[in-house]
Amino acid sequence: MIAVIAWNTFREAVRDRILFNLVFFALLMISAAVLVGQISIGIEHLIIVNLGLTAISLFGVAMAVILGVALIYKEIERRTLYTLLSKPVRRWQFIAGKYCGLCLTLTVNTLFMTAGLILALFYVDQGLRPSDLQVLVGVFFILLQLFLLTGIALLFSCFATPAVATLGTLGLYMVGVFSEDIRTFGEISKDPMMQRLTSGLYYLLPNFGAFNVISAVAHEHPIPGALIAGNITYVVLYVAIALIASAAIFSNRDLK
Amino acid sequence: MKPHNLLAAVAIPLLFCGVVVISHATESTVASLQPGADVLNLSSPRMIKAMSFGYDSLMADIYWTRVVQYYGDKRHAQGQGIHGASEHFPLLMPLLDITTSLDPHLLVAYKVGAIFLAEPAPRGAERPDLAVKLLRQAIGNNPDDWRLWNDLGMVYYEDLRDYKAASDAYVQGSKNPKADDWMKVMAAKIAQDGQSTEISRFLWNEVYNSSKDENIRRNALEHLKQLEQRPARR
């Protein structure tokens with residue numbers, strides 16, 4: 001049942017024109033990197049990796065937020081949810097299916113953008129280098145980040161309107177990007193209470209900064225396997241928390 | 001064709017023509033109101049880093065491109081004899097500082113930035129002291145890159161004529177296990193001979209052969225040509 005809901009969510013999402021626009025603009029941005037490289041010195045390869053991964057990340061975040069925050073709300077608005085829930089579908093299955101469908105959509109779109117990036121690298125370097133494999137690690141980390149963000153967007157979507165959910169998701173994303181700084185502020189402060197508070201926030205808030213390896217990948221620095229394993233586990237755990245909370249909120253919601 | 005489609009097909013190109021004419025007419029006024037090229041609206045690397053939302057390396061590339069454009073525009077203005085173009089490059093170091101703070105591993109910014117800073121006027125900022133500062137930062141941030149010691153040694157040798165410091169830089173660089181053997185030879189040769197056309201030729205040849213960038217290679221070639229014209233000192 002989860003797979004059916006996921007597949008339908010994917011089919012519905014790919015019909016959305018905004019998605020194609022975002023992928024188009026991301027590919028345009030990646031192509032622009034070829035031109036930027038030519039007006040600078042010594043960064044032809046670097047700028048394509050940097051701009052390409054940044055475009056994939058930025059447009060991926062936009063897609064995850066735009067699609068994620070409306071996931072449940074749209075179903076209630078269109079009253080399609082009632083038809084679905086009249087069938088033998090548990091509410092948690094609905095949530096899990098929606099989440100998987102959106103992750104599938106994001107994965108397919110990210111693969112399209114990655115293909116554009118690889119083509120740009122191929123064009124500039126007249127071939128691919130073994131170190132370009134590192135770019136795929138960067139893309140994988142972006143995907144993990146998007147899966148985490150989708151979980152958060154879905155959680156907001158269970159109880160808030162799309163506008164409020166967008167603000168909440170983007171707010172958490174921005175705070176999550178700077179979560180390392182929050183802890184540093186606490187360390188600078190001499191107040192032990194403040195140190196405990198900032199340290200608690202650091203562990204509680206989603207740490208999006210840990211997924212940013214764009215610079216390391218661009219400079220062909222190897223990404224440690226421990227970080228890859230750690231980030232996968234982190235996303236699995238955090239998404240599980242978000243989905244369980246979403247299912248609990250959604251199950252308790254009076255839909256009549 | 002339906003009348004409203006025909007109207008759109010005629011009106012849109014005509015209105016675009018109007019937009020182009022107006023833009024052309026106002027561009028000189030707009031340019032006169034813009035701040036000059038020597039204005040850096042945001043000068044704090046920390047602030048820019050925070051504003052880049054984690055996309056520091058892309059921001060560094062953009063700032064590096066701005067360094068190149070700034071240097072190129074200044075050189076172009078000098079070539080055209082534009083008023084005020086004779087002054088040096090006041091934004092070069094702040095821009096390089098921002099670039100390398102955003103991406104401490106952007107080697108090209110240190111290497112080419114040091115050339116821009118160290119070259120005598122009007123080709124550069126004639127600030128080899130700042131070039132040394134930049135390269136020492138580069139070495140601190142990238143201790144594995146032994147070629148940075150060569151760049152530092154070159155600034156001491158070619159621009160500051162401080163042969164002891166140059167020799168020391170080559171000695172330090174040669175301690176890196178990956179360093180080429182000629183680093184040791186260069187340290188000894190500079191310590192023994194000081195200024196020599198032979199050493200300069202070797203160093204610029206090394207820059208020419210080790211760089212893949214056309215601009216750096218062109219600069220090295222220009223120096224090699226100048227050395228050919230210089231009478232042999234030793």
# chains A, B, ... in the order shown; residues from 1 in each chain; ligands from 1
$ residues_around --residues "range 150-164 of chain A" --least-positions-apart "5" --cutoff "10 Å" --atoms "only C-alpha atoms" --output "ChimeraX atom specification"
/A:61,63-74,95-96,98-100,102-103,106,144-145,169-170,172-173,206,235,238-251,253
$ write_last_selection --atoms "C-alpha atoms" --output "PDB file, in the first residue's frame"
ATOM      1  CA  VAL A  61      15.677  22.617  -1.293  1.00  0.00           C
ATOM      2  CA  MET A  63      11.486  21.579  -4.603  1.00  0.00           C
ATOM      3  CA  ALA A  64      11.462  19.788  -1.237  1.00  0.00           C
ATOM      4  CA  VAL A  65       9.842  22.781   0.464  1.00  0.00           C
ATOM      5  CA  ILE A  66       7.339  23.663  -2.288  1.00  0.00           C
ATOM      6  CA  LEU A  67       6.167  20.079  -2.731  1.00  0.00           C
ATOM      7  CA  GLY A  68       6.604  18.930   0.867  1.00  0.00           C
ATOM      8  CA  VAL A  69       4.610  21.603   2.662  1.00  0.00           C
ATOM      9  CA  ALA A  70       1.517  21.052   0.489  1.00  0.00           C
ATOM     10  CA  LEU A  71       1.585  17.257   0.581  1.00  0.00           C
ATOM     11  CA  ILE A  72      -1.167  16.682   3.143  1.00  0.00           C
ATOM     12  CA  TYR A  73      -2.894  20.058   2.877  1.00  0.00           C
ATOM     13  CA  LYS A  74      -3.601  19.582  -0.854  1.00  0.00           C
ATOM     14  CA  ILE A  95       2.239   9.433   5.587  1.00  0.00           C
ATOM     15  CA  ALA A  96       5.003   6.949   4.770  1.00  0.00           C
ATOM     16  CA  LYS A  98       3.634  10.354   0.672  1.00  0.00           C
ATOM     17  CA  TYR A  99       7.156  10.719   2.066  1.00  0.00           C
ATOM     18  CA  CYS A 100       8.590   7.957  -0.139  1.00  0.00           C
ATOM     19  CA  LEU A 102       8.329  12.811  -2.662  1.00  0.00           C
ATOM     20  CA  CYS A 103      11.793  11.355  -2.017  1.00  0.00           C
ATOM     21  CA  LEU A 106      13.522  14.522  -5.580  1.00  0.00           C
ATOM     22  CA  LEU A 144      20.416  13.055   2.172  1.00  0.00           C
ATOM     23  CA  GLN A 145      19.878  16.698   3.104  1.00  0.00           C
ATOM     24  CA  THR A 169      10.550  24.476   7.218  1.00  0.00           C
ATOM     25  CA  LEU A 170      12.743  27.209   5.767  1.00  0.00           C
ATOM     26  CA  LEU A 172      14.490  25.257  10.551  1.00  0.00           C
ATOM     27  CA  TYR A 173      16.649  24.778   7.460  1.00  0.00           C
ATOM     28  CA  PRO A 206      18.655  19.267  12.278  1.00  0.00           C
ATOM     29  CA  VAL A 235      19.116  11.051   8.351  1.00  0.00           C
ATOM     30  CA  TYR A 238      15.898  12.068  12.185  1.00  0.00           C
ATOM     31  CA  VAL A 239      13.479  11.133   9.395  1.00  0.00           C
ATOM     32  CA  ALA A 240      12.091   8.318  11.569  1.00  0.00           C
ATOM     33  CA  ILE A 241      11.422  10.886  14.324  1.00  0.00           C
ATOM     34  CA  ALA A 242       9.751  13.281  11.840  1.00  0.00           C
ATOM     35  CA  LEU A 243       7.616  10.542  10.282  1.00  0.00           C
ATOM     36  CA  ILE A 244       6.522   9.080  13.632  1.00  0.00           C
ATOM     37  CA  ALA A 245       5.579  12.578  14.835  1.00  0.00           C
ATOM     38  CA  SER A 246       3.770  13.264  11.537  1.00  0.00           C
ATOM     39  CA  ALA A 247       1.857   9.989  11.760  1.00  0.00           C
ATOM     40  CA  ALA A 248       0.914  10.686  15.389  1.00  0.00           C
ATOM     41  CA  ILE A 249      -0.353  14.194  14.594  1.00  0.00           C
ATOM     42  CA  PHE A 250      -2.166  13.033  11.481  1.00  0.00           C
ATOM     43  CA  SER A 251      -3.759  10.047  13.255  1.00  0.00           C
ATOM     44  CA  ARG A 253      -6.440  14.860  13.519  1.00  0.00           C
TER      45      ARG A 253
END
$ residues_around --residues "Asp144 in chain B" --least-positions-apart "6" --cutoff "10 Å" --atoms "only C-alpha atoms" --output "PyMOL selection string"
chain B and resi 173+176-179
$ interface_residues --of "chain B" --to "chain A" --cutoff "7 Å" --atoms "only C-alpha atoms" --output "PDB file with C-alpha atoms, in the first residue's frame"
ATOM      1  CA  PHE B  53      24.488  30.241   3.792  1.00  0.00           C
ATOM      2  CA  GLY B  54      27.085  27.495   3.659  1.00  0.00           C
ATOM      3  CA  TYR B  55      27.833  27.988  -0.044  1.00  0.00           C
ATOM      4  CA  SER B  57      33.192  27.931  -1.940  1.00  0.00           C
ATOM      5  CA  LEU B  58      30.905  29.260  -4.671  1.00  0.00           C
ATOM      6  CA  ASP B  61      34.846  31.654  -6.791  1.00  0.00           C
ATOM      7  CA  THR B  65      36.381  36.319 -10.440  1.00  0.00           C
ATOM      8  CA  VAL B  68      40.437  39.072 -11.793  1.00  0.00           C
ATOM      9  CA  VAL B 108      44.988  29.898  -7.570  1.00  0.00           C
ATOM     10  CA  ASP B 213      46.597  28.269 -16.734  1.00  0.00           C
TER      11      ASP B 213
END
$ atom_distance --atom1 "CA of Val207 in chain B" --atom2 "CA of Leu227 in chain B"
14.4 Å
$ residues_around --residues "range 163-172 of chain B" --least-positions-apart "5" --cutoff "10 Å" --atoms "only C-alpha atoms" --output "compact mmCIF listing (two decimals) with C-alpha atoms, in the first residue's frame"
# COMPACT_ATOMS: atom_id res chain seq x y z
CA TRP B 146 55.22 22.57 -1.36
CA ARG B 147 54.92 24.72 -4.49
CA LEU B 148 53.63 27.58 -2.31
CA TRP B 149 57.15 27.78 -0.82
CA ASN B 150 58.45 28.23 -4.36
CA ASP B 151 55.98 31.10 -4.87
CA LEU B 152 57.10 32.67 -1.60
CA GLY B 153 60.76 32.22 -2.48
CA MET B 154 60.15 33.87 -5.84
CA VAL B 155 58.60 36.96 -4.25
CA TYR B 156 61.59 37.27 -1.90
CA TYR B 157 63.99 36.67 -4.77
CA GLU B 158 62.48 38.64 -7.66
CA ALA B 179 58.94 18.46 -2.97
CA TRP B 182 65.53 21.23 -7.37
CA MET B 183 64.09 23.07 -4.34
CA LYS B 184 67.22 22.12 -2.36
CA VAL B 185 69.48 23.06 -5.27
CA MET B 186 67.70 26.42 -5.59
CA ALA B 187 68.13 27.14 -1.87
CA ALA B 188 71.89 26.54 -2.12
CA LYS B 189 72.26 28.41 -5.42
CA ILE B 190 70.44 31.53 -4.17
CA ALA B 191 72.40 31.49 -0.90
CA GLN B 192 75.63 31.31 -2.89
CA ASP B 193 74.97 33.54 -5.92
CA GLY B 194 72.22 35.97 -4.88
CA GLN B 195 70.86 37.73 -7.97
